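Structure, as structure tokens:
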Amino acid sequence: MSKDNLDEKLTNSATFRDDSFYELLATMRAEHPVYWTTGKNGAQFWSVFKHADVKRVLHEGNLFSSEVDGVMPIMDEALREANRNAFGPGEMLIAIDPPRHGKFRSLVSAPFMPNALIETTAAKTQLIRNIFDALPTDGVIDLVDDLAAKIPMTIIADILGLPQERCSDLLAWGKMALTASDPEYSSGDAAATSAAGIEGIRNCVRDLALPRRTCPYNDALSTLATGSIDGAVLTESEIIQNGTLMILAGFETTRNSFSGGLLALLQHPAQMEMLREDPKLIRKAVEEMVRWSNPVITLMRVATADTEIGTQRIKAGEQVVIWLASANRDDAVFPHANEFDVTRSPNPHLGFGFGPHTCLGGPLAKLELRVALEELLARYSGFEVLGKPERTQANFVGGLKRFPIRLIRREAAPAAASA
């Protein structure tokens with residue numbers, strides 16, 4: 001395949017409308033593991049496909065900066081400014097380099113730490129059960145909107161102290177912000193659509209967070225609103241940027257992992273039966289769901305000094321796009337990488353990143369996925385797919401956007417005969 005064809009496939013979001021893009025990524029790992037890529041309107045960057053190389057870029061947070069240009073890959077130079085505005089380089093936690101990143105992370109980490117999650121597991125489990133309780137009695141739902149998105153959005157709203165009635169608006173804005181390349185979510189101008197989605201979330205955060213600077217509650221948004229680093233209180237922009245990040249990151253990984261993972265279980269019924277027979281496997285299954293579904297397909301960094309990746313010389317200032325979806329299917333790390341295996345162990349996937357920017361909400365996402373899967377298996381004896389699942393047209397954050405399904409309830413056990 002010619003370079004022009006490879007560049008077109010890698011940078012065109014339409015390539016990612018179905019799972020066939022994994023074949024392209026396998027080709028790149030084998031033949032072009034570090035590849036100079038040309039996008040639209042003059043965009044140029046290195047694409048990195050092997051697990052070891054991707055892991056290294058994630059680990060070396062100062063050599064490969066997230067603060068220079070943000071983390072959303074610039075596949076189209078015309079979107080550069082929109083990408084920078086969306087991820088607030090230097091202000092949003094995901095786009096701050098060490099050592100300041102570590103200080104900022106410590107400020108907002110408390111609700112996501114293992115001890116805090118243990119203490120709040122019962123409350124979070126009940127929130128998830130309430131969502132299942134509210135599902136229609138005939139079991140006909142769209143798995144993405146009615147469960148996969150609603151569960152994490154409800155949980156993150158509870159952590160941040162957001163009104164639950166705002167969740168539907170926040171989800172809609174999130175789709176616009178992160179998947180504006182999909183015509184279904186775009187107004188025709190991807191940059192304008194992304195900017196409008198980000199602004200919708202920011203306005204909500206602004207309205208709710210700024211009053212808490214003087215009248216805080218016991219929630220994570222108040223922690224941001226009253227927070228300080230090295231004795232300097234956070235600016236209004238830092239508060240809004242990081243509240244926005246928590247909302248976006250709070251639902252994307254779980255939504256895509258849960259819907260994609262359940263689809264994989266339906267496509268591999270023997271794996272589903274293994275979970276029914278041995279629920280202790282669910283924790284391993286959660287890890288495999290994340291590896292398999294690849295909720296974040298790519299991330300971007302910028303080299304801060306001349307270096308090498310593999311045999312390629314990388315110059316200071318050049319953009320480096322790491323393909324997490326490729327790393328997580330690398331046969332050099334995952335035996336039978338293209339097989340879905342709920343018993344896989346070890347499972348060193350990069351679905352939650354690696355190094356200083358390892359996803360702060362990773363343990364929370366695992367909790368949500370575990371409880372949701374436990375509820376599904378306990379409440380329902382089977383699942384009927386009612387239409388073809390549809391993927392989002394995106395090569396940054398991707399997954400299913402539509403998955404019509406019928407949940408078949410377990411029959412109640414017969415009452416014991418009276419003596």
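Naming works like this for the structure tokens: A, B, ... for the chains as they're shown, residue 1 at the start of each chain, ligands 1 onward in shown order.
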
Discussion item. Need to verify the contact set: range 55-71 of chain A, 6 Å, only C-alpha atoms, exclusion of same-chain residues closer than 3 positions in sequence. Can you return it as a list in words?
Written reply: His51, Ala52, Arg84, Phe87, Pro89, Gly90, Ala95, Ile96, Asp97, Leu299, Met300, Arg301, Val302, Ala303, Thr304, Phe354 and Gly355 of chain A

How would the residues just picked look written out with N, CA, C and O atoms as a PDB file, in the first residue's frame?
ATOM      1  N   HIS A  51       3.646  -1.839  21.326  1.00  0.00           N
ATOM      2  CA  HIS A  51       3.361  -1.701  22.754  1.00  0.00           C
ATOM      3  C   HIS A  51       4.556  -1.112  23.499  1.00  0.00           C
ATOM      4  O   HIS A  51       4.408  -0.164  24.292  1.00  0.00           O
ATOM      5  N   ALA A  52       5.753  -1.648  23.258  1.00  0.00           N
ATOM      6  CA  ALA A  52       6.931  -1.183  23.998  1.00  0.00           C
ATOM      7  C   ALA A  52       7.215   0.289  23.726  1.00  0.00           C
ATOM      8  O   ALA A  52       7.562   1.046  24.651  1.00  0.00           O
ATOM      9  N   ARG A  84      -6.145  22.696  20.982  1.00  0.00           N
ATOM     10  CA  ARG A  84      -5.490  23.375  22.099  1.00  0.00           C
ATOM     11  C   ARG A  84      -6.532  23.948  23.058  1.00  0.00           C
ATOM     12  O   ARG A  84      -6.396  23.833  24.277  1.00  0.00           O
ATOM     13  N   PHE A  87      -8.258  21.193  25.326  1.00  0.00           N
ATOM     14  CA  PHE A  87      -7.538  20.513  26.396  1.00  0.00           C
ATOM     15  C   PHE A  87      -6.603  21.412  27.179  1.00  0.00           C
ATOM     16  O   PHE A  87      -5.728  20.922  27.894  1.00  0.00           O
ATOM     17  N   PRO A  89      -3.716  23.213  27.377  1.00  0.00           N
ATOM     18  CA  PRO A  89      -2.339  22.904  27.754  1.00  0.00           C
ATOM     19  C   PRO A  89      -1.816  23.821  28.846  1.00  0.00           C
ATOM     20  O   PRO A  89      -1.949  25.033  28.778  1.00  0.00           O
ATOM     21  N   GLY A  90      -1.260  23.204  29.885  1.00  0.00           N
ATOM     22  CA  GLY A  90      -0.726  23.959  31.012  1.00  0.00           C
ATOM     23  C   GLY A  90      -1.725  24.204  32.117  1.00  0.00           C
ATOM     24  O   GLY A  90      -1.348  24.642  33.204  1.00  0.00           O
ATOM     25  N   ALA A  95      -2.978  17.665  30.416  1.00  0.00           N
ATOM     26  CA  ALA A  95      -2.050  18.411  29.558  1.00  0.00           C
ATOM     27  C   ALA A  95      -1.116  19.284  30.382  1.00  0.00           C
ATOM     28  O   ALA A  95      -0.826  20.419  30.041  1.00  0.00           O
ATOM     29  N   ILE A  96      -0.653  18.745  31.512  1.00  0.00           N
ATOM     30  CA  ILE A  96       0.363  19.392  32.352  1.00  0.00           C
ATOM     31  C   ILE A  96       1.511  18.414  32.514  1.00  0.00           C
ATOM     32  O   ILE A  96       1.307  17.233  32.796  1.00  0.00           O
ATOM     33  N   ASP A  97       2.727  18.876  32.334  1.00  0.00           N
ATOM     34  CA  ASP A  97       3.903  18.007  32.442  1.00  0.00           C
ATOM     35  C   ASP A  97       4.406  17.942  33.887  1.00  0.00           C
ATOM     36  O   ASP A  97       4.151  18.848  34.691  1.00  0.00           O
ATOM     37  N   LEU A 299      -3.386   9.037  21.402  1.00  0.00           N
ATOM     38  CA  LEU A 299      -3.056  10.224  22.181  1.00  0.00           C
ATOM     39  C   LEU A 299      -1.860  10.893  21.510  1.00  0.00           C
ATOM     40  O   LEU A 299      -1.091  10.238  20.795  1.00  0.00           O
ATOM     41  N   MET A 300      -1.677  12.161  21.778  1.00  0.00           N
ATOM     42  CA  MET A 300      -0.567  12.890  21.178  1.00  0.00           C
ATOM     43  C   MET A 300       0.399  13.408  22.232  1.00  0.00           C
ATOM     44  O   MET A 300      -0.012  13.780  23.333  1.00  0.00           O
ATOM     45  N   ARG A 301       1.676  13.436  21.884  1.00  0.00           N
ATOM     46  CA  ARG A 301       2.710  14.070  22.661  1.00  0.00           C
ATOM     47  C   ARG A 301       3.584  14.891  21.707  1.00  0.00           C
ATOM     48  O   ARG A 301       3.517  14.716  20.483  1.00  0.00           O
ATOM     49  N   VAL A 302       4.449  15.743  22.251  1.00  0.00           N
ATOM     50  CA  VAL A 302       5.408  16.499  21.455  1.00  0.00           C
ATOM     51  C   VAL A 302       6.794  16.268  22.045  1.00  0.00           C
ATOM     52  O   VAL A 302       6.988  16.431  23.263  1.00  0.00           O
ATOM     53  N   ALA A 303       7.752  15.885  21.207  1.00  0.00           N
ATOM     54  CA  ALA A 303       9.124  15.661  21.671  1.00  0.00           C
ATOM     55  C   ALA A 303       9.745  16.986  22.099  1.00  0.00           C
ATOM     56  O   ALA A 303       9.670  17.982  21.377  1.00  0.00           O
ATOM     57  N   THR A 304      10.353  17.003  23.276  1.00  0.00           N
ATOM     58  CA  THR A 304      10.981  18.229  23.781  1.00  0.00           C
ATOM     59  C   THR A 304      12.481  18.257  23.516  1.00  0.00           C
ATOM     60  O   THR A 304      13.144  19.264  23.787  1.00  0.00           O
ATOM     61  N   PHE A 354      -0.244   4.872  31.037  1.00  0.00           N
ATOM     62  CA  PHE A 354       0.914   4.358  31.771  1.00  0.00           C
ATOM     63  C   PHE A 354       1.746   5.559  32.196  1.00  0.00           C
ATOM     64  O   PHE A 354       1.685   6.618  31.578  1.00  0.00           O
ATOM     65  N   GLY A 355       2.528   5.391  33.256  1.00  0.00           N
ATOM     66  CA  GLY A 355       3.427   6.450  33.668  1.00  0.00           C
ATOM     67  C   GLY A 355       2.713   7.574  34.408  1.00  0.00           C
ATOM     68  O   GLY A 355       1.659   7.368  35.014  1.00  0.00           O
TER      69      GLY A 355
END

Worksheet item: Which residues come within 10 Å of Cys204 in chain A, counting only C-alpha atoms, excluding same-chain residues fewer than 3 positions away, as a list in words?
Response: Leu162, Arg166, Asp169, Leu170, Glu199, Gly200, Ile201, Asp207, Leu208, Ala209, Ile240, Gly243 and Thr244 of chain A

Residues just named, written with N, CA and C atoms as a compact mmCIF listing (two decimals), in the first residue's frame:
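Wrote selection_5.txt, looks like this:
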# COMPACT_ATOMS: atom_id res chain seq x y z
N LEU A 162 -22.75 17.34 40.89
CA LEU A 162 -23.52 17.92 39.79
C LEU A 162 -24.96 17.46 39.89
N ARG A 166 -28.71 17.35 34.93
CA ARG A 166 -27.83 17.93 33.91
C ARG A 166 -27.09 16.87 33.09
N ASP A 169 -27.58 16.61 29.16
CA ASP A 169 -26.92 17.70 28.44
C ASP A 169 -25.41 17.48 28.39
N LEU A 170 -24.84 17.06 29.51
CA LEU A 170 -23.40 16.86 29.57
C LEU A 170 -22.95 15.75 28.62
N GLU A 199 -17.56 24.16 25.23
CA GLU A 199 -18.10 25.36 25.87
C GLU A 199 -19.36 25.05 26.67
N GLY A 200 -20.19 24.13 26.19
CA GLY A 200 -21.37 23.75 26.94
C GLY A 200 -21.02 23.18 28.30
N ILE A 201 -20.02 22.28 28.33
CA ILE A 201 -19.59 21.69 29.61
C ILE A 201 -18.94 22.75 30.49
N ASP A 207 -20.87 27.66 36.19
CA ASP A 207 -22.06 28.03 36.98
C ASP A 207 -22.09 27.31 38.32
N LEU A 208 -21.60 26.08 38.34
CA LEU A 208 -21.70 25.29 39.56
C LEU A 208 -20.47 25.42 40.46
N ALA A 209 -19.30 25.60 39.86
CA ALA A 209 -18.06 25.57 40.65
C ALA A 209 -17.72 26.89 41.29
N ILE A 240 -12.29 25.54 35.90
CA ILE A 240 -13.24 25.17 34.84
C ILE A 240 -12.66 24.09 33.94
N GLY A 243 -12.63 20.72 35.94
CA GLY A 243 -13.98 20.21 36.10
C GLY A 243 -14.49 19.61 34.79
N THR A 244 -14.17 20.28 33.70
CA THR A 244 -14.55 19.76 32.38
C THR A 244 -13.87 18.43 32.10

Fill in: Spatial neighbours of Phe16 in chain A, 8 Å, only C-alpha atoms, chain gap at least 3 places, as number ranges by chain
A: 13, 19-21, 391-395

Taking C-alpha atoms for each residue, export the selection above as a PDB file, in the first residue's frame.
ATOM      1  CA  SER A  13     -11.957   9.086  10.775  1.00  0.00           C
ATOM      2  CA  ASP A  19     -13.338  -3.050  13.502  1.00  0.00           C
ATOM      3  CA  SER A  20     -11.489  -3.556  10.220  1.00  0.00           C
ATOM      4  CA  PHE A  21      -9.074  -0.807  11.297  1.00  0.00           C
ATOM      5  CA  ARG A 391     -19.255   2.525  15.918  1.00  0.00           C
ATOM      6  CA  THR A 392     -18.446   6.183  16.288  1.00  0.00           C
ATOM      7  CA  GLN A 393     -16.533   7.608  13.338  1.00  0.00           C
ATOM      8  CA  ALA A 394     -13.482   8.780  15.279  1.00  0.00           C
ATOM      9  CA  ASN A 395      -9.775   8.009  15.609  1.00  0.00           C
TER      10      ASN A 395
END

Item to complete: Return the single residue from A:Ala190, A:Val54, A:Leu25, A:Leu127 that is closest to Leu10 in chain A, with distances computed using only C-alpha atoms.
Response: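 So, comparing all the options, the nearest one is A:Leu25.
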
Practice prompt. Could you please write out, as a PyMOL selection string, every residue of range 187-265 of chain A that DSSP assigns to helix (DSSP H, G or I)?
Written response: chain A and resi 190-213+220-225+236-265
